[in-house]
Structure formats: C-alpha cells, structure tokens
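K.L.:
Input: one structure, supplied below.
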Amino acid sequence: PRAMLSTLRLSASRLLRPSLRAGGSARALHAAPSSAFPYSSGSLSLSPPAALDAYPHVTSVAYPSPNVPVTLLPGMGIGQECAEALVAVFEAAEAPVEFERFESDPTRYGEDKEFEKVVRSMGRTGVMLKGPFTTPVRHPGTSFNIRLRKELDLFANVVQVATLPSIKTRHAGVDLVVIRENTEGEYSGLEHEVVPGVVESLKIISEANSMRIAEYAFEYAKRNGRKKVTAVHKANIMKLGDGLFLQCCRDVAKRYPYIEFEAMIVDNTCMQMTSRPQQFDVMVMPN
C-alpha cells in the first residue's frame, strides 16, 4: 500500500503541477489540453471558450491557492458517498487539488441564485465533479441536469466501459466508449398538451448538433487510437429525425477513411451488447 500511495502521489503531482510551476493561472492548466480536444469528465464535456460565452460575468482568474481548484457537487443519494471517497483518495495522495464544494439542499439547484453560484464556480475552475441529481416526477421546473447541460453546452456524454483483467466477469476483453449527444433528442423536455387528454412530446434532431457529436466521436477515435465508430440509431422508424443523425454520421465518416464505420439499429445493438460486447469500440448516438 505504501508503494501504491507513493506512485499515486507522483502521478497526481505530474498531472496537476506543470502549468502552475510556470506561474500560469489555474484556468490555464485546463486550457492547455483544450486546443487538442474538448474537456471531458467521463459523463460531461465542455468545449471552451464558447460554452461560457453566455456568462460574461464568468471570467478566468488567477487562483490565489497553489492548488488546482475543482468544483465539487456531490449531488444526491450515492453521490454523497462517492464524493467522500473521492476527497479521501485525493487527500491521501496529497494531490494539489482544492475543492469548491456545494452542500446546500440539492432540490434548490434549479433556483437561479443557487444555479448561478455553481456556474460561477465552474467559470473559475474550468472543471466540475458532479454527482447524480434526481428530478422528481412532479417537479414543476426544469431538471438541474438538463439546465446545466444546456446553459454550459455540455453536448457530449462520454462513458468508457472496460473489463479489468483481475476481475472475472461474464464478458472479458471489453473496452468501449459510449458517446451520447447530450442537448436534444427525447431529453429536450419540450412537450405540451394539444387538447385536454392529448400530450405532444417533441424529439429535436438538428443537423448542426448531429454533425458536432459525430465529429467529436471520430476525433475521439483518432486521438485515442480507436479503430471503429458505430452509429446507433432508430432510423428504420424515425426516418426523418434519426435519419438525419445517421446521414450526418455517414458524412463525417467519409473524412476519416482510416476509421471503420458501421450503423446499427438500437434494438440489435442491445442484443449485440449483451452477447458480444467486444465487437464495439466507439459508439455514438442521439440523446
């Protein structure tokens, strides 16, 4: 354990210190890799600087602490437990990180003042660790999750799935990345009652956002040495909406001839995922 802790300390120091040694601001640390690839934190991605343009009051500042600032939003349920474990690991590793933690009632984060505090912190730090937030069925306002995605344009939900050699599982050798468009589709939350008893829910698919997520997926594959991109869709039924998404993926694929491209209907994808997940590499899909 002592050797592992020493290695962790060294890794954290190498990862987090360089730009601060050079006297740059805390934001500069996060800005460095952005020119090569948008920020991603597993489940959320932020492409600066456009994502914060809507907030002129949010600016990059030189952080007074020698540590790297990180916004921490534990969230609800298991998020609290995960946040405690995460902080304990960073403290044990003596990682040069300082958390800006928000611990008020999670149900209030939909309110403008509470939301503004989170956005301001995000503007200062450039990175956020966020736990899960549940939106009650009868909650009258917009989901905090959806509002955060839209306001900061967190358009790519990136999740890596990989088996560990030391743990026996039903499927071995799984190493795939799921990239999901995060701002439109069924989760747009656009619905209305046409007449009493009839509700219309809108699924929005746009060419601009479909091209953006497709380009993100192929660029991710290129920069991470991935060999194949699978576009998951339901274009056999939703011929216009998912059809547009699929066509955008095909158009982008032409620019990356060295990356294999395939399209797969979501029903078949689910069956293939449970029977032979090793066939997948990078998967891209609507929201």
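Ligands are numbered from 1 in the order shown, chains are lettered A, B, ... in the order of the structure tokens, and residues start at 1 in each chain.
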At a cut-off of 12 Å, using only C-alpha atoms, what residues contact Glu186 (chain A)? Leave out same-chain residues fewer than 6 positions from it and give the result as a count of residues only.
P.N.:
11
K.L.:
Would you mind writing down, as a PyMOL selection string, each residue of region 82-165 of chain A that DSSP on the backbone assigns to alpha helix (DSSP H)?
P.N.:
chain A and resi 82-92+112-125+144-151
K.L.:
Would you please work out which residue, of A:Gln278, A:Asp153, A:Met273, A:Gly225, is nearest to Tyr258 (chain A) when using only C-alpha atoms?
P.N.:
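Among the listed residues, the smallest separation from Tyr258 (chain A) belongs to A:Gly225.
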K.L.:
With only C-alpha atoms as the atoms that count, which of A:Glu100, A:Asp251, A:Glu91, A:Glu262 lies nearest to Leu72 (chain A)?
P.N.:
A:Glu100
K.L.:
For CA of Thr169 (chain A) and CA of Phe133 (chain A), quote the distance in Å rounded to one decimal.
P.N.:
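Distance reported for this atom pair: 29.4 Å.
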K.L.:
Which of these, A:Ala83, A:Val70, A:Pro165, A:Arg138, has the shortest distance to Thr125 (chain A) once you count only C-alpha atoms?
P.N.:
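Using only C-alpha atoms, the shortest distance to Thr125 (chain A) belongs to A:Val70.
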K.L.:
Write out as a PyMOL selection string the set of residues from region 116-230 of chain A that DSSP, computed on the backbone, places in strand (DSSP E or B).
P.N.:
chain A and resi 128-130+156-162+175-181+185-195+198-204+228-230
K.L.:
Identify which of the residues A:Asp281, A:Arg147, A:Arg276, A:Lys228 lies closest to Gly189 (chain A), counting only C-alpha atoms when measuring atom-to-atom distances.
P.N.:
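Under the stated criterion, the closest residue is A:Arg147.
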K.L.:
How many Å separate CA of Leu246 (chain A) from CA of Glu151 (chain A)?
P.N.:
26.0 Å
